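Source file: start_13.csv; contents: CSV, N, CA and C atoms.
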```csv
chain,number,residue,atom,x,y,z
A,1,MET,N,14.8,-20.5,-26.0
A,1,MET,CA,14.6,-19.3,-25.2
A,1,MET,C,15.7,-18.3,-25.5
A,2,VAL,N,16.9,-18.7,-25.7
A,2,VAL,CA,18.0,-17.7,-26.0
A,2,VAL,C,17.7,-17.0,-27.4
A,3,LYS,N,17.2,-17.8,-28.3
A,3,LYS,CA,16.9,-17.3,-29.7
A,3,LYS,C,15.8,-16.2,-29.5
A,4,PHE,N,14.8,-16.5,-28.7
A,4,PHE,CA,13.7,-15.6,-28.4
A,4,PHE,C,14.2,-14.3,-27.8
A,5,LEU,N,15.1,-14.4,-26.8
A,5,LEU,CA,15.7,-13.2,-26.3
A,5,LEU,C,16.6,-12.4,-27.3
A,6,ASP,N,17.3,-13.2,-28.1
A,6,ASP,CA,18.1,-12.5,-29.2
A,6,ASP,C,17.2,-11.7,-30.1
A,7,SER,N,16.1,-12.3,-30.5
A,7,SER,CA,15.2,-11.6,-31.4
A,7,SER,C,14.6,-10.3,-30.8
A,8,ILE,N,14.4,-10.3,-29.5
A,8,ILE,CA,13.8,-9.1,-28.9
A,8,ILE,C,14.8,-8.1,-28.4
A,9,PHE,N,15.9,-8.6,-27.7
A,9,PHE,CA,16.8,-7.7,-27.1
A,9,PHE,C,18.2,-7.6,-27.7
A,10,GLY,N,18.4,-8.5,-28.7
A,10,GLY,CA,19.7,-8.6,-29.3
A,10,GLY,C,20.6,-9.6,-28.6
A,11,GLU,N,21.7,-9.9,-29.2
A,11,GLU,CA,22.6,-11.0,-28.8
A,11,GLU,C,23.2,-10.7,-27.4
A,12,ASN,N,23.5,-9.4,-27.1
A,12,ASN,CA,24.1,-9.1,-25.8
A,12,ASN,C,23.2,-9.4,-24.6
A,13,MET,N,22.0,-9.1,-24.7
A,13,MET,CA,21.0,-9.3,-23.6
A,13,MET,C,20.9,-10.8,-23.3
A,14,ALA,N,20.8,-11.6,-24.4
A,14,ALA,CA,20.7,-13.1,-24.2
A,14,ALA,C,21.9,-13.6,-23.5
A,15,ARG,N,23.1,-13.1,-23.8
A,15,ARG,CA,24.3,-13.6,-23.1
A,15,ARG,C,24.3,-13.2,-21.7
A,16,GLU,N,23.8,-12.0,-21.4
A,16,GLU,CA,23.7,-11.6,-20.0
A,16,GLU,C,22.8,-12.4,-19.2
A,17,ALA,N,21.8,-13.0,-19.8
A,17,ALA,CA,20.9,-13.8,-19.0
A,17,ALA,C,21.4,-15.2,-18.8
A,18,GLY,N,22.5,-15.6,-19.5
A,18,GLY,CA,23.0,-16.9,-19.4
A,18,GLY,C,24.0,-17.1,-18.3
A,19,GLU,N,24.8,-18.1,-18.5
A,19,GLU,CA,25.8,-18.5,-17.4
A,19,GLU,C,26.9,-17.5,-17.3
A,20,GLY,N,27.7,-17.6,-16.2
A,20,GLY,CA,28.9,-16.8,-16.0
A,20,GLY,C,28.6,-15.6,-15.2
A,21,HIS,N,27.4,-15.3,-14.8
A,21,HIS,CA,27.0,-14.2,-14.0
A,21,HIS,C,26.7,-14.6,-12.6
A,22,GLU,N,27.2,-13.8,-11.7
A,22,GLU,CA,26.9,-14.1,-10.3
A,22,GLU,C,25.6,-13.5,-9.8
A,23,PHE,N,24.9,-14.2,-9.0
A,23,PHE,CA,23.6,-13.7,-8.5
A,23,PHE,C,23.8,-13.5,-7.0
A,24,VAL,N,23.1,-12.6,-6.4
A,24,VAL,CA,23.1,-12.3,-5.0
A,24,VAL,C,21.9,-12.9,-4.4
A,25,GLU,N,22.0,-13.8,-3.4
A,25,GLU,CA,20.9,-14.4,-2.8
A,25,GLU,C,20.5,-13.6,-1.6
A,26,LEU,N,19.3,-13.1,-1.6
A,26,LEU,CA,18.8,-12.3,-0.5
A,26,LEU,C,18.2,-13.2,0.6
A,27,ASP,N,18.5,-12.8,1.9
A,27,ASP,CA,18.0,-13.6,3.0
A,27,ASP,C,16.7,-12.9,3.5
A,28,TRP,N,15.6,-13.6,3.1
A,28,TRP,CA,14.3,-13.0,3.5
A,28,TRP,C,13.7,-13.8,4.7
A,29,ASP,N,14.5,-14.4,5.4
A,29,ASP,CA,14.0,-15.1,6.6
A,29,ASP,C,13.4,-14.1,7.6
A,30,SER,N,12.4,-14.6,8.3
A,30,SER,CA,11.8,-13.7,9.3
A,30,SER,C,12.8,-13.3,10.4
A,31,ALA,N,13.8,-14.1,10.6
A,31,ALA,CA,14.9,-13.8,11.6
A,31,ALA,C,15.6,-12.6,11.2
A,32,ALA,N,15.8,-12.4,9.9
A,32,ALA,CA,16.6,-11.3,9.4
A,32,ALA,C,15.8,-10.0,9.3
A,33,THR,N,14.5,-10.1,9.0
A,33,THR,CA,13.7,-8.9,8.8
A,33,THR,C,12.7,-8.7,10.0
A,34,GLY,N,12.7,-9.5,11.0
A,34,GLY,CA,11.7,-9.4,12.1
A,34,GLY,C,10.5,-10.2,11.7
A,35,GLU,N,9.3,-9.8,12.2
A,35,GLU,CA,8.1,-10.5,11.9
A,35,GLU,C,7.8,-10.2,10.4
A,36,LYS,N,7.1,-11.1,9.8
A,36,LYS,CA,6.6,-10.9,8.4
A,36,LYS,C,5.5,-9.9,8.4
A,37,LEU,N,5.4,-9.2,7.3
A,37,LEU,CA,4.3,-8.3,7.0
A,37,LEU,C,3.2,-9.2,6.4
A,38,VAL,N,2.0,-8.7,6.6
A,38,VAL,CA,0.8,-9.4,6.1
A,38,VAL,C,0.1,-8.5,5.2
A,39,PHE,N,-0.2,-9.0,4.0
A,39,PHE,CA,-1.0,-8.2,3.0
A,39,PHE,C,-2.4,-8.7,3.1
A,40,ARG,N,-3.3,-7.7,3.4
A,40,ARG,CA,-4.8,-8.1,3.5
A,40,ARG,C,-5.6,-7.3,2.5
A,41,THR,N,-6.6,-7.9,2.0
A,41,THR,CA,-7.6,-7.2,1.2
A,41,THR,C,-8.9,-7.2,2.1
A,42,ILE,N,-9.4,-6.0,2.3
A,42,ILE,CA,-10.6,-5.9,3.1
A,42,ILE,C,-11.7,-5.2,2.3
A,43,ASP,N,-12.8,-5.8,2.1
A,43,ASP,CA,-13.9,-5.2,1.3
A,43,ASP,C,-14.8,-4.4,2.3
A,44,VAL,N,-15.0,-3.2,1.9
A,44,VAL,CA,-15.8,-2.2,2.7
A,44,VAL,C,-17.1,-2.0,2.0
A,45,GLU,N,-18.2,-2.6,2.6
A,45,GLU,CA,-19.5,-2.5,2.0
A,45,GLU,C,-20.4,-1.5,2.8
A,46,ARG,N,-20.1,-1.4,4.1
A,46,ARG,CA,-20.8,-0.5,5.0
A,46,ARG,C,-19.8,0.2,5.9
A,47,TYR,N,-20.2,1.2,6.5
A,47,TYR,CA,-19.3,2.0,7.4
A,47,TYR,C,-18.7,1.1,8.5
A,48,VAL,N,-19.4,0.2,9.0
A,48,VAL,CA,-18.9,-0.7,10.1
A,48,VAL,C,-17.8,-1.5,9.7
A,49,ASP,N,-17.6,-1.8,8.4
A,49,ASP,CA,-16.5,-2.6,7.9
A,49,ASP,C,-15.2,-1.9,8.0
A,50,VAL,N,-15.2,-0.6,8.3
A,50,VAL,CA,-14.0,0.2,8.5
A,50,VAL,C,-13.3,-0.3,9.7
A,51,ASP,N,-14.1,-0.8,10.7
A,51,ASP,CA,-13.5,-1.4,11.9
A,51,ASP,C,-12.4,-2.4,11.6
A,52,LYS,N,-12.7,-3.3,10.6
A,52,LYS,CA,-11.7,-4.3,10.2
A,52,LYS,C,-10.4,-3.7,9.8
A,53,VAL,N,-10.5,-2.6,9.0
A,53,VAL,CA,-9.3,-1.9,8.5
A,53,VAL,C,-8.5,-1.3,9.7
A,54,VAL,N,-9.2,-0.6,10.6
A,54,VAL,CA,-8.6,0.0,11.7
A,54,VAL,C,-7.9,-1.0,12.6
A,55,ASP,N,-8.6,-2.1,12.9
A,55,ASP,CA,-8.1,-3.2,13.7
A,55,ASP,C,-6.8,-3.8,13.1
A,56,SER,N,-6.9,-4.0,11.8
A,56,SER,CA,-5.7,-4.6,11.1
A,56,SER,C,-4.5,-3.6,11.1
A,57,LEU,N,-4.8,-2.4,11.1
A,57,LEU,CA,-3.8,-1.4,11.1
A,57,LEU,C,-3.1,-1.3,12.4
A,58,ARG,N,-3.8,-1.5,13.5
A,58,ARG,CA,-3.2,-1.4,14.8
A,58,ARG,C,-2.1,-2.4,15.1
A,59,ASP,N,-2.1,-3.5,14.4
A,59,ASP,CA,-1.0,-4.4,14.7
A,59,ASP,C,0.4,-4.0,14.1
A,60,LYS,N,0.3,-2.9,13.3
A,60,LYS,CA,1.5,-2.3,12.6
A,60,LYS,C,2.3,-3.3,11.8
A,61,ARG,N,1.7,-4.4,11.4
A,61,ARG,CA,2.4,-5.4,10.5
A,61,ARG,C,1.6,-5.7,9.3
A,62,SER,N,0.5,-5.0,9.0
A,62,SER,CA,-0.4,-5.3,7.9
A,62,SER,C,-0.4,-4.2,6.9
A,63,ILE,N,-0.3,-4.6,5.6
A,63,ILE,CA,-0.5,-3.7,4.5
A,63,ILE,C,-1.9,-4.1,4.0
A,64,ILE,N,-2.7,-3.1,3.9
A,64,ILE,CA,-4.1,-3.3,3.6
A,64,ILE,C,-4.6,-2.7,2.3
A,65,LEU,N,-5.2,-3.5,1.5
A,65,LEU,CA,-5.8,-3.0,0.3
A,65,LEU,C,-7.3,-2.9,0.6
A,66,MET,N,-7.8,-1.7,0.8
A,66,MET,CA,-9.2,-1.5,1.1
A,66,MET,C,-10.0,-1.3,-0.1
A,67,ARG,N,-11.0,-2.2,-0.4
A,67,ARG,CA,-11.8,-2.1,-1.6
A,67,ARG,C,-13.2,-1.6,-1.2
A,68,ILE,N,-13.5,-0.5,-1.7
A,68,ILE,CA,-14.9,0.1,-1.5
A,68,ILE,C,-15.8,-0.5,-2.5
A,69,LYS,N,-16.8,-1.3,-1.9
A,69,LYS,CA,-17.8,-2.0,-2.8
A,69,LYS,C,-18.9,-1.1,-3.3
A,70,THR,N,-19.5,-1.5,-4.3
A,70,THR,CA,-20.6,-0.7,-5.0
A,70,THR,C,-21.6,-0.2,-4.1
A,71,LYS,N,-22.1,-1.0,-3.1
A,71,LYS,CA,-23.1,-0.6,-2.2
A,71,LYS,C,-22.8,0.7,-1.5
A,72,MET,N,-21.5,0.7,-1.0
A,72,MET,CA,-21.1,1.9,-0.2
A,72,MET,C,-20.7,3.0,-1.2
A,73,ALA,N,-20.1,2.7,-2.3
A,73,ALA,CA,-19.6,3.7,-3.3
A,73,ALA,C,-20.7,4.6,-3.7
A,74,ASN,N,-21.9,4.2,-3.7
A,74,ASN,CA,-23.1,5.0,-4.1
A,74,ASN,C,-23.4,6.1,-3.2
A,75,ASP,N,-22.9,6.0,-1.9
A,75,ASP,CA,-23.1,7.0,-0.9
A,75,ASP,C,-21.8,7.8,-0.7
A,76,LYS,N,-21.6,8.8,-1.4
A,76,LYS,CA,-20.3,9.6,-1.3
A,76,LYS,C,-20.0,10.1,0.1
A,77,THR,N,-21.0,10.5,0.8
A,77,THR,CA,-20.8,11.0,2.2
A,77,THR,C,-20.3,9.9,3.1
A,78,GLU,N,-20.9,8.7,2.9
A,78,GLU,CA,-20.4,7.6,3.7
A,78,GLU,C,-19.0,7.2,3.4
A,79,VAL,N,-18.6,7.3,2.1
A,79,VAL,CA,-17.3,7.0,1.7
A,79,VAL,C,-16.3,8.0,2.3
A,80,ARG,N,-16.6,9.3,2.2
A,80,ARG,CA,-15.8,10.3,2.8
A,80,ARG,C,-15.6,10.1,4.3
A,81,ARG,N,-16.7,9.8,5.0
A,81,ARG,CA,-16.6,9.5,6.4
A,81,ARG,C,-15.7,8.3,6.7
A,82,ALA,N,-15.8,7.3,6.0
A,82,ALA,CA,-15.0,6.1,6.2
A,82,ALA,C,-13.5,6.4,5.9
A,83,ILE,N,-13.3,7.0,4.8
A,83,ILE,CA,-11.9,7.4,4.5
A,83,ILE,C,-11.3,8.3,5.6
A,84,ARG,N,-12.0,9.2,6.0
A,84,ARG,CA,-11.5,10.2,7.1
A,84,ARG,C,-11.2,9.4,8.3
A,85,ARG,N,-12.0,8.4,8.7
A,85,ARG,CA,-11.7,7.6,9.9
A,85,ARG,C,-10.4,6.8,9.7
A,86,VAL,N,-10.3,6.2,8.5
A,86,VAL,CA,-9.1,5.4,8.3
A,86,VAL,C,-7.9,6.3,8.3
A,87,GLN,N,-8.0,7.5,7.7
A,87,GLN,CA,-6.9,8.5,7.6
A,87,GLN,C,-6.4,8.8,9.1
A,88,LYS,N,-7.4,9.1,9.9
A,88,LYS,CA,-7.0,9.5,11.3
A,88,LYS,C,-6.3,8.3,12.0
A,89,SER,N,-6.7,7.1,11.8
A,89,SER,CA,-6.1,6.0,12.4
A,89,SER,C,-4.7,5.7,11.8
A,90,VAL,N,-4.6,5.9,10.5
A,90,VAL,CA,-3.3,5.7,9.8
A,90,VAL,C,-2.3,6.7,10.4
A,91,TYR,N,-2.6,8.0,10.5
A,91,TYR,CA,-1.7,9.0,10.9
A,91,TYR,C,-1.4,8.9,12.4
A,92,ALA,N,-2.4,8.3,13.2
A,92,ALA,CA,-2.1,8.1,14.6
A,92,ALA,C,-1.1,7.0,14.9
A,93,VAL,N,-1.0,6.0,14.0
A,93,VAL,CA,0.0,4.9,14.2
A,93,VAL,C,1.3,5.2,13.4
A,94,GLY,N,1.3,6.3,12.6
A,94,GLY,CA,2.5,6.6,11.9
A,94,GLY,C,2.5,5.9,10.5
A,95,GLY,N,1.4,5.4,10.0
A,95,GLY,CA,1.4,4.7,8.8
A,95,GLY,C,1.3,5.6,7.6
A,96,ASP,N,0.8,5.1,6.5
A,96,ASP,CA,0.7,5.9,5.3
A,96,ASP,C,-0.6,5.4,4.5
A,97,ILE,N,-1.1,6.2,3.7
A,97,ILE,CA,-2.3,5.9,2.9
A,97,ILE,C,-2.3,6.6,1.6
A,98,ILE,N,-2.8,5.8,0.6
A,98,ILE,CA,-2.8,6.4,-0.8
A,98,ILE,C,-4.0,5.8,-1.5
A,99,GLY,N,-4.7,6.6,-2.3
A,99,GLY,CA,-5.7,6.1,-3.2
A,99,GLY,C,-5.2,5.6,-4.5
A,100,LEU,N,-5.5,4.4,-4.8
A,100,LEU,CA,-5.1,3.8,-6.0
A,100,LEU,C,-6.1,4.0,-7.1
A,101,SER,N,-7.4,4.1,-6.8
A,101,SER,CA,-8.5,4.4,-7.7
A,101,SER,C,-9.6,4.9,-6.8
A,102,GLU,N,-10.8,5.1,-7.4
A,102,GLU,CA,-11.9,5.5,-6.6
A,102,GLU,C,-12.4,4.4,-5.7
A,103,GLU,N,-12.1,3.1,-6.1
A,103,GLU,CA,-12.6,2.0,-5.3
A,103,GLU,C,-11.5,1.3,-4.4
A,104,MET,N,-10.2,1.7,-4.6
A,104,MET,CA,-9.2,1.0,-3.9
A,104,MET,C,-8.2,2.0,-3.2
A,105,ILE,N,-8.0,1.7,-1.9
A,105,ILE,CA,-7.1,2.5,-1.1
A,105,ILE,C,-6.1,1.6,-0.5
A,106,LEU,N,-4.8,2.0,-0.5
A,106,LEU,CA,-3.7,1.2,0.1
A,106,LEU,C,-3.3,1.9,1.4
A,107,VAL,N,-3.3,1.1,2.4
A,107,VAL,CA,-3.0,1.5,3.8
A,107,VAL,C,-1.7,0.7,4.2
A,108,THR,N,-0.7,1.4,4.7
A,108,THR,CA,0.5,0.8,5.1
A,108,THR,C,0.9,1.1,6.6
A,109,PRO,N,1.6,0.1,7.2
A,109,PRO,CA,2.1,0.4,8.6
A,109,PRO,C,3.3,1.3,8.6
A,110,PRO,N,3.7,1.7,9.8
A,110,PRO,CA,4.8,2.7,9.9
A,110,PRO,C,6.1,2.2,9.2
A,111,ILE,N,6.4,0.9,9.0
A,111,ILE,CA,7.6,0.5,8.5
A,111,ILE,C,7.6,0.5,6.9
A,112,VAL,N,6.5,0.8,6.3
A,112,VAL,CA,6.4,0.9,4.9
A,112,VAL,C,6.1,2.4,4.5
A,113,LYS,N,6.9,2.9,3.7
A,113,LYS,CA,6.7,4.3,3.2
A,113,LYS,C,6.3,4.3,1.8
A,114,ILE,N,5.3,5.1,1.5
A,114,ILE,CA,4.8,5.3,0.1
A,114,ILE,C,5.5,6.5,-0.5
A,115,GLU,N,6.2,6.3,-1.5
A,115,GLU,CA,6.9,7.4,-2.1
A,115,GLU,C,6.0,8.2,-3.0
A,116,ARG,N,6.1,9.5,-2.9
A,116,ARG,CA,5.2,10.4,-3.7
A,116,ARG,C,6.1,11.5,-4.3
A,117,ASP,N,5.5,12.2,-5.3
A,117,ASP,CA,6.1,13.4,-5.8
A,117,ASP,C,5.9,14.5,-4.9
A,118,LYS,N,6.6,15.6,-5.0
A,118,LYS,CA,6.6,16.7,-4.1
A,118,LYS,C,5.2,17.3,-3.9
A,119,GLU,N,4.5,17.5,-5.0
A,119,GLU,CA,3.1,18.1,-5.0
A,119,GLU,C,2.2,17.2,-4.2
A,120,SER,N,2.2,15.9,-4.4
A,120,SER,CA,1.3,15.0,-3.6
A,120,SER,C,1.7,15.0,-2.1
A,121,ALA,N,3.0,15.0,-1.8
A,121,ALA,CA,3.5,15.0,-0.5
A,121,ALA,C,3.0,16.3,0.3
A,122,LYS,N,3.0,17.4,-0.5
A,122,LYS,CA,2.5,18.6,0.1
A,122,LYS,C,1.0,18.5,0.5
A,123,LYS,N,0.2,17.9,-0.4
A,123,LYS,CA,-1.2,17.8,-0.2
A,123,LYS,C,-1.5,16.9,1.0
A,124,ILE,N,-0.7,15.8,1.2
A,124,ILE,CA,-0.8,14.9,2.3
A,124,ILE,C,-0.5,15.6,3.6
A,125,GLU,N,0.5,16.5,3.6
A,125,GLU,CA,0.8,17.3,4.9
A,125,GLU,C,-0.4,18.2,5.2
A,126,GLU,N,-1.0,18.8,4.2
A,126,GLU,CA,-2.2,19.6,4.4
A,126,GLU,C,-3.3,18.9,5.1
A,127,VAL,N,-3.6,17.7,4.5
A,127,VAL,CA,-4.6,16.8,5.1
A,127,VAL,C,-4.3,16.4,6.5
A,128,LYS,N,-3.1,16.1,6.8
A,128,LYS,CA,-2.7,15.7,8.2
A,128,LYS,C,-2.9,16.9,9.1
A,129,SER,N,-2.6,18.1,8.7
A,129,SER,CA,-2.8,19.3,9.5
A,129,SER,C,-4.3,19.5,9.8
A,130,GLN,N,-5.1,19.3,8.8
A,130,GLN,CA,-6.6,19.5,8.9
A,130,GLN,C,-7.1,18.5,9.9
A,131,LEU,N,-6.6,17.2,9.8
A,131,LEU,CA,-7.1,16.2,10.7
A,131,LEU,C,-6.7,16.5,12.2
A,132,LYS,N,-5.4,17.0,12.4
A,132,LYS,CA,-5.0,17.3,13.7
A,132,LYS,C,-5.8,18.5,14.3
A,133,ALA,N,-6.2,19.4,13.4
A,133,ALA,CA,-7.0,20.6,13.9
A,133,ALA,C,-8.4,20.1,14.3
A,134,GLU,N,-8.9,19.1,13.6
A,134,GLU,CA,-10.2,18.6,14.0
A,134,GLU,C,-10.3,17.9,15.3
A,135,SER,N,-9.1,17.3,15.6
A,135,SER,CA,-9.1,16.4,16.8
A,135,SER,C,-9.1,17.2,18.1
```
Please rewrite the model in this file as structure tokens.
Amino acid sequence: MVKFLDSIFGENMAREAGEGHEFVELDWDSAATGEKLVFRTIDVERYVDVDKVVDSLRDKRSIILMRIKTKMANDKTEVRRAIRRVQKSVYAVGGDIIGLSEEMILVTPPIVKIERDKESAKKIEEVKSQLKAES
């Protein structure tokens, strides 16, 4: 293994990976961090499946990967309606939401922040303002 690291990174990198270095052990117990977060994947095939996303979001401990299935993706109006409902719920609980692709959306609880560049953050604030105005 060391020879393999030598060939890729050079001799210094292989030495760094070896003995003599201290490692910090992180305490990931639930006692140290509170309750554990739950990562859920929820398939959205119909508009009513959005209820599962909203219900999971309400516990404020779930990170949700929402996957829009082909059946629903064919109806763009239905997709927009579903995403709008999830957005309103996310902003109501103080969470965050980001599109990873046309089929996948990541929804996080208030204790998880999605970092964005300034331009994207500005667009999110505009959407939040629009949603508040609609309510």
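Protein and nucleic acid residues near (-17.4, -0.6, -4.7) are Val44, Glu45, Arg67, Ile68, Lys69, Thr70, Lys71, Met72, Ala73, Asn74, Glu102, Glu103 and Met104 of chain A, the criterion being any atom at most 8 Å away using all atoms listed in the file.
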Here atom C of Val90 (chain A) and CA of Val54 (chain A) stand apart by 9.3 Å
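CA of Thr108 (chain A) sits 18.6 Å away from CA of Lys122 (chain A).
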Among the residues A:Ile83, A:Arg46, A:Glu126, A:Phe39, the one that comes closest to Ser62 (chain A) [using only C-alpha atoms]:
A:Phe39
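The space separating atom N of Asp75 (chain A) from atom C of Val107 (chain A) comes to 22.7 Å.
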Taking (-8.2, 0.5, 3.9) in the file's own coordinates, collect the residues within 6.5 Å, counting all atoms listed in the file, and hand them back as a ChimeraX atom specification.
/A:53,64-67,105-107
